[in-house]
Amino acid sequence: MNVTIDGSGVRSVKFKELYYLKVQRRREKMEKHNQKLRVCVATCNRADYSKLAPIMFGIKSHPDEFDLEVVVLGSHLIDDYGNTFRMIEQDDFDIGSKLHTIVRGEDEAAMVESVGLALVKLPDVLQRLRPDILVVHGDRFDALALATAAALMNIRILHLEGGEVSGTIDDSIRHAISKLAHYHACCTRRAEQHLIAMCEDHSRILLAGCPSYDKLLSTHQREDYMDIIRSWLGDEVQDHDYIVALQHPVTTDIQHSIKIYGLMLDALLSFKKKTLILFPNIDAGSKEMVRVMRKKGIEQHPNFRAVKHIPFEQFIQLVCHAGCMIGNSSCGVREAGAFGTPVINLGTRQTGRETGENVMHVRDADTHNKIYHALELQFGKRYPCSKIYGDGNAVPRILKFLRTIDLDEPLQKTFCFPPVKDCISQDIDHILETQSALAVDLGGTNLRVAIVCMMGKIVKKYIQPNPKTFQERMPLILKMCKDAMQDANHLNCRILGVGVSTGGRVNPQEGVVLHSTKLIQEWSSVDLRTPISDALQLPVWVDNDGNCAALAEKKFGQGKGVENFVTVITGTGIGGGIIHHSELVHGSTFCAAELGHIIVSLEGPECSCGSHGCIEAYASGMALQKEAKRLHDEDLLKVEGMDMKLSEPITAAHLMNAARLGNSQADAILKKAATALGVGIINILHIVNPSLVILSGVLASYYQAPVQHIISERALFSVQSIKVVTSDLEEPALLGAASMVLDYATRRIY
């Protein structure tokens, strides 16, 4: 429901019909369920209580419709700030809960800690009270804690004074509370428009005016006002011949606000008029401001009366009859305007507030002269009364608004976003197909580049022999990548980045190949990331082929959804990668998962690394080829039924074929190789304890069953049941290189 105020207070017929229809429906529901609206009003400090008290009195006056609960927290409960909770008790309100939520320190950290402390304490209170609606005021950090707790506990929130602008951190807090709130009671038409611009539902915004105006407009013409003034400032003081000063710290620029405060005090000392000065609020910087005040002797000066708190009804009289009000309190730009009291607004705290002509701004000053001159211009003047912030009828409007709230309506907020250009519908399969990576695999024989889509499909692949020298290899890599980029545009593939898989030890953080294998020559201390990134203007990831194989299994293969597993590559060499807690293990010197160089025999054959007895020296394709050549040279390889051409090079495949056809020596070599591999994998199981072992490469299918058997015989009982499976992936190195890029696109960084 949208309620507006205009100069004549006229309401449209349409609004009346809508309002009374909502009220009637709510009353019918209340009568049916014999239920009152449980309203919790939470107050944090003396300033917000002046706005909330009129509403609390209004709610209390209708006990047949509302149940009022009062929660007090923040600076209300601090002695240095006047223990202002007592004025709530003096107003005859029962305080249901008192929460000590202020962490002393009066700095930025203390404010944050106070919010955290309030969030710790509020859930118990709200759980016990179970209000239908929580009324929160303004822009204080305590109010933000209240709104956050209520929103997370599915309690409806009515926010007072949302949509206003004041130019400090208060703006951010106020707007944050507005986004959490379900209903809004704002004070001005501009604030209403701001809330609408913030996409708040227009039907849940009430243009009510400021509740404090209900009290100040009805009580400011008291006959005993001079008694009140003299009780605070002495018997000699005259009407319109004193100053009210109230300055708070600006938390986004504390040092500047302290400087302005000191200059204000200097100007007031020089101006030599009776001055009632209130202590600043509890924001960060207030302690320093009090030190400045005491250093200048304000509390002992005969022209000054320094106080921590004044009851709102008396404060109204003091502001109404002051010769001038000075500082940066919102009271100066809001309530003072209703009396025509001249105001000097200092600094930036109220920048953006709607003000009447009674306000003169002093944004900055280097000496007190500018402030003194403003005092000369403003003191003693009277201005036309302004009703920008209300007409004295806010509370009746707010009570009517509360009556229209339907508790059966969905709690989830809806936002009224402005119309925008219709987007073109998107299909998830299309997105997954078109977002792609450029994958590069540097093998001992071939150099391969591929365009790989998000689903793991290789869209197009390019193969060239891997040159023997660095001078030839690097330009070829860049040329193949550029060719693939051009083709990607024609294939409607959006390349997100480049992933490079290479043999050897790699520093993936720097994108540098540290040491290469013997299969790739002139490939140590090579920076791959920089030249590829510079040429293609894309991010580049680099890792070794074993790690890439593990990443490929994690994203596309047998390791998908498995938190801890090991991939073992059984190809020309033996390598692999370890996934632990869903992350790739690199090790302190990027040497983790050099699985081929696990030593399984002290007296074993020499390995390409220079050591003896490594798994790779027994079970790699090179080792099996070496054994096949030895048998062939001794004329012990070929058996009946085995087809071998004289010109055909001897490979590991011949050894496996001979064993399959009954060659006992070939079979013994393969069993020894499988045993070495199995023992090495048992060592991995005992150290890393993965839940799965994935064998990849050309020899994987042969080794799977023997390795599983060896584990069941020789491993500790606790790991004997771990499965050994073969990879389903045809291109693990390319897919792993692509996965580094594609996982980055979904915010997973390796």
# chains A, B, ... in the order shown; residues from 1 in each chain; ligands from 1
$ residues_around --residues "Pro384 in chain A" --least-positions-apart "2" --cutoff "12 Å" --atoms "only C-alpha atoms" --output "compact mmCIF listing (two decimals) with C-alpha atoms, in the first residue's frame"
# COMPACT_ATOMS: atom_id res chain seq x y z
CA ALA A 336 15.12 22.43 14.01
CA GLY A 337 13.53 23.33 10.68
CA ALA A 338 10.06 22.84 12.17
CA PHE A 339 10.74 25.81 14.51
CA GLY A 340 12.64 28.02 12.07
CA THR A 341 15.69 27.85 14.34
CA PRO A 342 18.85 28.94 12.50
CA GLY A 356 15.08 24.15 4.83
CA GLU A 357 16.42 27.67 4.31
CA ASN A 358 17.30 27.85 8.01
CA VAL A 359 20.44 25.70 7.44
CA LYS A 381 17.66 35.10 13.15
CA ARG A 382 14.27 33.38 12.68
CA SER A 386 9.54 23.97 7.52
CA LYS A 387 7.54 20.75 7.38
CA ILE A 388 9.74 18.85 4.92
$ residues_around --residues "His240 in chain A" --least-positions-apart "6" --cutoff "10 Å" --atoms "only C-alpha atoms" --output "PDB file with C-alpha atoms, in the first residue's frame"
ATOM      1  CA  LEU A 318      15.858  24.122  23.963  1.00  0.00           C
ATOM      2  CA  VAL A 319      16.210  23.816  20.163  1.00  0.00           C
ATOM      3  CA  CYS A 320      12.996  25.708  19.486  1.00  0.00           C
ATOM      4  CA  HIS A 321      14.066  28.775  21.477  1.00  0.00           C
ATOM      5  CA  ALA A 322      17.809  28.718  20.726  1.00  0.00           C
ATOM      6  CA  GLY A 323      19.454  31.637  18.993  1.00  0.00           C
ATOM      7  CA  CYS A 324      21.280  29.074  16.858  1.00  0.00           C
ATOM      8  CA  THR A 341      15.692  27.847  14.340  1.00  0.00           C
ATOM      9  CA  PHE A 379      22.675  33.828  15.499  1.00  0.00           C
ATOM     10  CA  GLY A 380      19.379  35.361  16.539  1.00  0.00           C
ATOM     11  CA  LYS A 381      17.660  35.101  13.149  1.00  0.00           C
ATOM     12  CA  ARG A 382      14.274  33.380  12.685  1.00  0.00           C
TER      13      ARG A 382
END
$ atom_distance --atom1 "CA of Glu69 in chain A" --atom2 "CA of Leu134 in chain A"
9.4 Å
$ closest_residue --among "A:Asp214, A:Glu236, A:Asp391, A:Glu106" --to "Ile316 in chain A" --atoms "only C-alpha atoms"
A:Asp214
$ closest_residue --among "A:Val244, A:Gly162, A:Thr404, A:Arg334" --to "Leu216 in chain A" --atoms "only C-alpha atoms"
A:Arg334
$ closest_residue --among "A:Ile59, A:Leu246, A:Ile451, A:Ala439" --to "Gln486 in chain A" --atoms "only C-alpha atoms"
A:Ile451
$ closest_atom_pairs --of "range 140-218 of chain A" --to "range 264-284 of chain A" --cutoff "12 Å" --atoms "only C-alpha atoms" --output "CSV"
residue,atom,partner,partner_atom,distance
A:Arg140,CA,A:Asp283,CA,9.1
A:Phe141,CA,A:Asp283,CA,9.0
A:Asp142,CA,A:Asp283,CA,10.8
A:Ile169,CA,A:Asp283,CA,11.0
A:Asp170,CA,A:Asp283,CA,10.8
$ residues_around --residues "Pro54 in chain A" --least-positions-apart "5" --cutoff "9 Å" --atoms "only C-alpha atoms" --output "list in words"
Tyr49, Ile59, Pro211, Ser212, Asp214, Lys215, Ala394 and Val395 of chain A
$ closest_atom_pairs --of "range 553-665 of chain A" --to "range 696-701 of chain A" --cutoff "10 Å" --atoms "only C-alpha atoms" --output "JSON lines"
{"residue": "A:Glu553", "atom": "CA", "partner": "A:Ser696", "partner_atom": "CA", "distance": 9.4}
{"residue": "A:Thr567", "atom": "CA", "partner": "A:Ser696", "partner_atom": "CA", "distance": 6.9}
{"residue": "A:Val568", "atom": "CA", "partner": "A:Ser696", "partner_atom": "CA", "distance": 5.9}
{"residue": "A:Ile569", "atom": "CA", "partner": "A:Ser696", "partner_atom": "CA", "distance": 4.6}
{"residue": "A:Thr570", "atom": "CA", "partner": "A:Gly697", "partner_atom": "CA", "distance": 4.8}
{"residue": "A:Gly571", "atom": "CA", "partner": "A:Gly697", "partner_atom": "CA", "distance": 5.1}
{"residue": "A:Thr572", "atom": "CA", "partner": "A:Val698", "partner_atom": "CA", "distance": 8.6}
{"residue": "A:Gly573", "atom": "CA", "partner": "A:Gly697", "partner_atom": "CA", "distance": 9.7}
{"residue": "A:Ile574", "atom": "CA", "partner": "A:Gly697", "partner_atom": "CA", "distance": 9.2}
{"residue": "A:Gly575", "atom": "CA", "partner": "A:Ser696", "partner_atom": "CA", "distance": 9.5}
{"residue": "A:Gly576", "atom": "CA", "partner": "A:Ser696", "partner_atom": "CA", "distance": 8.6}
{"residue": "A:Ala619", "atom": "CA", "partner": "A:Leu699", "partner_atom": "CA", "distance": 9.0}
{"residue": "A:Ser620", "atom": "CA", "partner": "A:Leu699", "partner_atom": "CA", "distance": 8.4}
{"residue": "A:Gly621", "atom": "CA", "partner": "A:Leu699", "partner_atom": "CA", "distance": 7.7}
{"residue": "A:Ala652", "atom": "CA", "partner": "A:Leu699", "partner_atom": "CA", "distance": 9.3}
{"residue": "A:Ala653", "atom": "CA", "partner": "A:Leu699", "partner_atom": "CA", "distance": 9.3}
{"residue": "A:Met656", "atom": "CA", "partner": "A:Leu699", "partner_atom": "CA", "distance": 9.8}
$ decode --residues "range 321-370 of chain A" --atoms "N, CA and C atoms" --output "mmCIF file, in the first residue's frame"
data_model
loop_
_atom_site.group_PDB
_atom_site.id
_atom_site.type_symbol
_atom_site.label_atom_id
_atom_site.label_comp_id
_atom_site.auth_asym_id
_atom_site.auth_seq_id
_atom_site.Cartn_x
_atom_site.Cartn_y
_atom_site.Cartn_z
ATOM 1 N N HIS A 321 13.854 27.406 21.006
ATOM 2 C CA HIS A 321 14.066 28.775 21.477
ATOM 3 C C HIS A 321 15.527 29.195 21.444
ATOM 4 N N ALA A 322 16.389 28.384 20.811
ATOM 5 C CA ALA A 322 17.809 28.718 20.726
ATOM 6 C C ALA A 322 18.029 29.846 19.731
ATOM 7 N N GLY A 323 19.067 30.633 19.971
ATOM 8 C CA GLY A 323 19.454 31.637 18.993
ATOM 9 C C GLY A 323 20.098 31.006 17.781
ATOM 10 N N CYS A 324 20.656 29.793 17.968
ATOM 11 C CA CYS A 324 21.280 29.074 16.858
ATOM 12 C C CYS A 324 21.601 27.658 17.320
ATOM 13 N N MET A 325 21.579 26.735 16.388
ATOM 14 C CA MET A 325 22.057 25.379 16.654
ATOM 15 C C MET A 325 23.238 25.120 15.732
ATOM 16 N N ILE A 326 24.308 24.509 16.269
ATOM 17 C CA ILE A 326 25.517 24.277 15.480
ATOM 18 C C ILE A 326 26.000 22.852 15.679
ATOM 19 N N GLY A 327 26.590 22.282 14.630
ATOM 20 C CA GLY A 327 27.117 20.920 14.692
ATOM 21 C C GLY A 327 26.765 20.156 13.435
ATOM 22 N N ASN A 328 26.669 18.831 13.576
ATOM 23 C CA ASN A 328 26.323 18.013 12.407
ATOM 24 C C ASN A 328 25.255 16.978 12.727
ATOM 25 N N SER A 329 24.485 17.207 13.788
ATOM 26 C CA SER A 329 23.415 16.275 14.139
ATOM 27 C C SER A 329 22.277 16.377 13.129
ATOM 28 N N SER A 330 21.627 15.249 12.875
ATOM 29 C CA SER A 330 20.467 15.270 11.977
ATOM 30 C C SER A 330 19.346 16.119 12.548
ATOM 31 N N CYS A 331 19.335 16.317 13.861
ATOM 32 C CA CYS A 331 18.328 17.177 14.477
ATOM 33 C C CYS A 331 18.387 18.586 13.894
ATOM 34 N N GLY A 332 19.593 19.033 13.554
ATOM 35 C CA GLY A 332 19.739 20.375 13.014
ATOM 36 C C GLY A 332 19.078 20.552 11.667
ATOM 37 N N VAL A 333 19.151 19.523 10.826
ATOM 38 C CA VAL A 333 18.564 19.643 9.488
ATOM 39 C C VAL A 333 17.139 19.116 9.443
ATOM 40 N N ARG A 334 16.689 18.446 10.514
ATOM 41 C CA ARG A 334 15.332 17.879 10.515
ATOM 42 C C ARG A 334 14.431 18.646 11.494
ATOM 43 N N GLU A 335 14.572 18.348 12.787
ATOM 44 C CA GLU A 335 13.646 18.915 13.776
ATOM 45 C C GLU A 335 13.753 20.436 13.883
ATOM 46 N N ALA A 336 14.967 20.974 13.828
ATOM 47 C CA ALA A 336 15.123 22.426 14.006
ATOM 48 C C ALA A 336 14.369 23.211 12.942
ATOM 49 N N GLY A 337 14.254 22.639 11.753
ATOM 50 C CA GLY A 337 13.534 23.332 10.682
ATOM 51 C C GLY A 337 12.074 23.563 10.994
ATOM 52 N N ALA A 338 11.478 22.692 11.818
ATOM 53 C CA ALA A 338 10.065 22.839 12.169
ATOM 54 C C ALA A 338 9.826 24.089 13.008
ATOM 55 N N PHE A 339 10.878 24.620 13.669
ATOM 56 C CA PHE A 339 10.738 25.808 14.510
ATOM 57 C C PHE A 339 11.300 27.056 13.831
ATOM 58 N N GLY A 340 11.981 26.886 12.701
ATOM 59 C CA GLY A 340 12.636 28.024 12.067
ATOM 60 C C GLY A 340 13.905 28.428 12.774
ATOM 61 N N THR A 341 14.449 27.549 13.609
ATOM 62 C CA THR A 341 15.692 27.847 14.340
ATOM 63 C C THR A 341 16.866 27.877 13.363
ATOM 64 N N PRO A 342 17.688 28.917 13.390
ATOM 65 C CA PRO A 342 18.855 28.945 12.496
ATOM 66 C C PRO A 342 19.856 27.845 12.870
ATOM 67 N N VAL A 343 20.433 27.222 11.853
ATOM 68 C CA VAL A 343 21.329 26.077 12.047
ATOM 69 C C VAL A 343 22.602 26.297 11.240
ATOM 70 N N ILE A 344 23.739 25.964 11.834
ATOM 71 C CA ILE A 344 25.013 25.901 11.099
ATOM 72 C C ILE A 344 25.424 24.440 11.061
ATOM 73 N N ASN A 345 25.417 23.870 9.878
ATOM 74 C CA ASN A 345 25.764 22.458 9.703
ATOM 75 C C ASN A 345 27.234 22.358 9.311
ATOM 76 N N LEU A 346 28.016 21.650 10.140
ATOM 77 C CA LEU A 346 29.466 21.568 9.942
ATOM 78 C C LEU A 346 29.869 20.245 9.306
ATOM 79 N N GLY A 347 30.775 20.313 8.312
ATOM 80 C CA GLY A 347 31.348 19.097 7.738
ATOM 81 C C GLY A 347 30.419 18.408 6.761
ATOM 82 N N THR A 348 30.630 17.089 6.609
ATOM 83 C CA THR A 348 29.972 16.327 5.536
ATOM 84 C C THR A 348 28.945 15.328 6.039
ATOM 85 N N ARG A 349 28.706 15.279 7.348
ATOM 86 C CA ARG A 349 27.867 14.204 7.886
ATOM 87 C C ARG A 349 26.439 14.251 7.362
ATOM 88 N N GLN A 350 25.919 15.425 7.051
ATOM 89 C CA GLN A 350 24.545 15.540 6.568
ATOM 90 C C GLN A 350 24.471 15.915 5.091
ATOM 91 N N THR A 351 25.574 15.721 4.369
ATOM 92 C CA THR A 351 25.575 16.017 2.942
ATOM 93 C C THR A 351 24.520 15.177 2.233
ATOM 94 N N GLY A 352 23.655 15.826 1.490
ATOM 95 C CA GLY A 352 22.600 15.114 0.772
ATOM 96 C C GLY A 352 21.258 15.160 1.467
ATOM 97 N N ARG A 353 21.212 15.563 2.744
ATOM 98 C CA ARG A 353 19.940 15.677 3.459
ATOM 99 C C ARG A 353 19.107 16.818 2.857
ATOM 100 N N GLU A 354 17.813 16.625 2.874
ATOM 101 C CA GLU A 354 16.908 17.705 2.514
ATOM 102 C C GLU A 354 16.852 18.694 3.674
ATOM 103 N N THR A 355 17.036 19.960 3.381
ATOM 104 C CA THR A 355 17.054 20.975 4.440
ATOM 105 C C THR A 355 16.187 22.160 4.040
ATOM 106 N N GLY A 356 15.782 22.905 5.065
ATOM 107 C CA GLY A 356 15.084 24.154 4.831
ATOM 108 C C GLY A 356 16.071 25.297 4.704
ATOM 109 N N GLU A 357 15.541 26.506 4.506
ATOM 110 C CA GLU A 357 16.416 27.666 4.308
ATOM 111 C C GLU A 357 17.093 28.090 5.597
ATOM 112 N N ASN A 358 16.696 27.494 6.731
ATOM 113 C CA ASN A 358 17.305 27.849 8.014
ATOM 114 C C ASN A 358 18.711 27.293 8.181
ATOM 115 N N VAL A 359 19.150 26.384 7.282
ATOM 116 C CA VAL A 359 20.435 25.697 7.441
ATOM 117 C C VAL A 359 21.506 26.387 6.596
ATOM 118 N N MET A 360 22.635 26.712 7.230
ATOM 119 C CA MET A 360 23.823 27.223 6.535
ATOM 120 C C MET A 360 24.934 26.183 6.687
ATOM 121 N N HIS A 361 25.534 25.786 5.578
ATOM 122 C CA HIS A 361 26.555 24.737 5.576
ATOM 123 C C HIS A 361 27.955 25.337 5.631
ATOM 124 N N VAL A 362 28.791 24.766 6.498
ATOM 125 C CA VAL A 362 30.237 25.045 6.501
ATOM 126 C C VAL A 362 30.906 23.697 6.261
ATOM 127 N N ARG A 363 31.224 23.415 5.012
ATOM 128 C CA ARG A 363 31.727 22.080 4.643
ATOM 129 C C ARG A 363 33.114 21.819 5.207
ATOM 130 N N ASP A 364 33.973 22.852 5.183
ATOM 131 C CA ASP A 364 35.352 22.670 5.634
ATOM 132 C C ASP A 364 35.871 24.019 6.109
ATOM 133 N N ALA A 365 36.904 23.967 6.920
ATOM 134 C CA ALA A 365 37.510 25.199 7.422
ATOM 135 C C ALA A 365 38.928 24.899 7.885
ATOM 136 N N ASP A 366 39.822 25.866 7.682
ATOM 137 C CA ASP A 366 41.203 25.725 8.145
ATOM 138 C C ASP A 366 41.425 26.467 9.459
ATOM 139 N N THR A 367 40.597 27.469 9.723
ATOM 140 C CA THR A 367 40.634 28.181 11.002
ATOM 141 C C THR A 367 39.203 28.335 11.501
ATOM 142 N N HIS A 368 39.070 28.827 12.712
ATOM 143 C CA HIS A 368 37.723 28.977 13.263
ATOM 144 C C HIS A 368 37.008 30.209 12.718
ATOM 145 N N ASN A 369 37.711 31.025 11.913
ATOM 146 C CA ASN A 369 37.132 32.292 11.443
ATOM 147 C C ASN A 369 35.878 32.080 10.606
ATOM 148 N N LYS A 370 35.914 31.054 9.743
ATOM 149 C CA LYS A 370 34.763 30.816 8.876
ATOM 150 C C LYS A 370 33.541 30.432 9.707
#
